[in-house]
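Structure first, commentary second.
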Amino acid sequence: MDVYEDPATWAPERSRSKGQLTARFVLTVLYTPVQIVLWLAALAAFLVVGLVTEIITVLSTSYEQGLFKAMDRVLDPLAKWPSWCVSWPELRHEGDTAYYRARVEKRVGRWTKRASVPRKPGKPRPPVECAIPVRDYRGVGGWYVAQVALAQGWELRPSDVRKEVRLWWSAAS
């Protein structure tokens, strides 16, 4: 945490009311099939465009790269849940600090395991940066993510703690 930042932003989020969480969960259950159908429709549309323009992609690499960039821009946001969505574990464990502590430790441990793998020649480098979303630490706060991460060898990056805590693997340098 940087000195110039307000420590209150690193505190746990307020617990949401059970009624609000239940309403969001119901909306999530209704929205998820729509999101899946939209993702599949967009994927099918890009596959059709790709098959129809196969001759162009053979002759032009820039067209193919543009098509892939367009696919990424359309499909990536559709593959993520909006911030208002509430999962079943979040509904059940709202306000349970032990659950969120375990969740943070598991997530940071998973990133540490990925980042600490020795680099093999000819293979991609292990990740050196990660972001822990607020969904994983809302019951314990960003300060707990910082404590766990610092203990495992991570350094804090500039972060908007209301959205995520960004970390950098210091052993990479």
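Going through the structure tokens in order, the chains are called A, B, and so on, while each chain numbers its residues from 1 and the ligands are numbered from 1 in the order shown.
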
Task: strand (DSSP E) per DSSP on the backbone: members of range 79-144 of chain A, as an NGL selection string - done: :A and (129-133)

Output file for the residues above (N, CA, C and O atoms, as a CSV table (one decimal), in the first residue's frame):
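Output below, filename out-v2.csv:
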chain,number,residue,atom,x,y,z
A,129,GLU,N,3.0,-10.9,-13.4
A,129,GLU,CA,2.0,-10.0,-12.8
A,129,GLU,C,0.6,-10.7,-12.7
A,129,GLU,O,0.3,-11.6,-13.5
A,130,CYS,N,-0.1,-10.3,-11.7
A,130,CYS,CA,-1.5,-10.9,-11.6
A,130,CYS,C,-2.4,-9.8,-10.9
A,130,CYS,O,-1.9,-8.8,-10.4
A,131,ALA,N,-3.6,-10.1,-11.0
A,131,ALA,CA,-4.6,-9.2,-10.3
A,131,ALA,C,-5.6,-10.1,-9.6
A,131,ALA,O,-6.1,-11.0,-10.1
A,132,ILE,N,-5.8,-9.8,-8.3
A,132,ILE,CA,-6.8,-10.5,-7.5
A,132,ILE,C,-8.0,-9.6,-7.4
A,132,ILE,O,-8.0,-8.5,-6.9
A,133,PRO,N,-9.1,-10.1,-8.0
A,133,PRO,CA,-10.4,-9.3,-8.1
A,133,PRO,C,-11.0,-9.1,-6.7
A,133,PRO,O,-10.9,-9.9,-5.8

Task: Residue contacts of Pro12 in chain A (8 Å, only C-alpha atoms) excluding same-chain residues fewer than 3 positions away, as a ChimeraX atom specification - done: /A:137-142

Need to verify the contact set: range 91-108 of chain A, 8 Å, only C-alpha atoms, exclusion of same-chain residues closer than 2 positions in sequence. Can you return it as a PDB file with C-alpha atoms, in the first residue's frame?
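result.pdb was written with the following content:
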ATOM      1  CA  SER A  15     -21.574  -6.718   4.042  1.00  0.00           C
ATOM      2  CA  ARG A  16     -24.452  -6.533   1.607  1.00  0.00           C
ATOM      3  CA  LYS A  18     -29.344 -10.768   2.218  1.00  0.00           C
ATOM      4  CA  LEU A  21     -27.690 -10.517  -2.598  1.00  0.00           C
ATOM      5  CA  THR A  22     -30.649 -12.782  -3.276  1.00  0.00           C
ATOM      6  CA  PHE A  25     -28.240 -13.955  -7.473  1.00  0.00           C
ATOM      7  CA  VAL A  86     -23.351 -12.863  -7.361  1.00  0.00           C
ATOM      8  CA  SER A  87     -22.352 -16.517  -7.271  1.00  0.00           C
ATOM      9  CA  TRP A  88     -23.799 -19.148  -4.954  1.00  0.00           C
ATOM     10  CA  PRO A  89     -20.705 -19.226  -2.676  1.00  0.00           C
ATOM     11  CA  ARG A 110      -2.106 -20.504  -7.039  1.00  0.00           C
ATOM     12  CA  TRP A 111      -0.460 -17.441  -8.606  1.00  0.00           C
ATOM     13  CA  THR A 112       2.711 -18.061  -6.575  1.00  0.00           C
ATOM     14  CA  ILE A 132      -6.763 -10.453  -7.457  1.00  0.00           C
ATOM     15  CA  ASP A 136     -12.078 -12.774  -3.829  1.00  0.00           C
ATOM     16  CA  TYR A 137     -11.249 -10.446  -0.929  1.00  0.00           C
ATOM     17  CA  ARG A 138     -14.319  -8.326  -0.217  1.00  0.00           C
ATOM     18  CA  GLY A 139     -14.802  -9.857   3.253  1.00  0.00           C
ATOM     19  CA  VAL A 140     -11.214  -9.269   4.452  1.00  0.00           C
ATOM     20  CA  TYR A 144      -5.091  -8.945   3.738  1.00  0.00           C
ATOM     21  CA  VAL A 145      -4.258  -9.654   0.088  1.00  0.00           C
ATOM     22  CA  VAL A 148      -0.467 -12.728   2.104  1.00  0.00           C
ATOM     23  CA  ALA A 149       1.180 -11.666  -1.148  1.00  0.00           C
TER      24      ALA A 149
END

- [ ] Grab the CA of Pro127 in chain A to CA of Lys113 in chain A distance for me, in Å with one decimal place.
- [x]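 Pair CA of Pro127 in chain A / CA of Lys113 in chain A returns 10.1 Å.
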
TODO: Enter the distance from CA of Val161 in chain A to CA of Ala11 in chain A, in Å, rounded to one decimal.
DONE: 9.3 Å

- [ ] Considering only C-alpha atoms, return as an NGL selection string whatever protein or nucleic-acid residues lie within 12 Å of Ala41 in chain A, sequence-local ones (same chain, fewer than 5 positions apart) excluded.
- [x] :A and (34-36 or 46-48 or 71 or 74-75 or 78)

Open item on the list: Let me make sure I understand: among A:Trp81, A:Trp143, A:Phe68, A:Trp154, which one has the smallest atom-to-atom distance to Gly109 in chain A if we use only C-alpha atoms?
Closed with: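 The shortest atom-to-atom distance to Gly109 in chain A comes from A:Trp154.
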
Task: Shortest interatomic distance to Trp169 in chain A - which of A:Thr32, A:Gln147, A:Ser116, A:Thr9, counting only C-alpha atoms - done: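 Of A:Thr32, A:Gln147, A:Ser116, A:Thr9, the one nearest Trp169 in chain A, counting only C-alpha atoms, is A:Ser116.
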
Task: Two-atom distance - CA of Ala42 in chain A, CA of Leu59 in chain A (Å) - done: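 Atom-to-atom, CA of Ala42 in chain A to CA of Leu59 in chain A, that is 24.6 Å.
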
TODO: Determine the nearest neighbour of Ala70 in chain A from the options A:Val52, A:Ala45, A:Ala115, A:Val29, counting only C-alpha atoms.
DONE: A:Ala45

Open item on the list: as a PyMOL selection string, please: the residues near Pro118 in chain A (cut-off 12 Å, only C-alpha atoms, same-chain neighbours under 6 positions excluded).
Closed with: chain A and resi 112+124-127+171-172
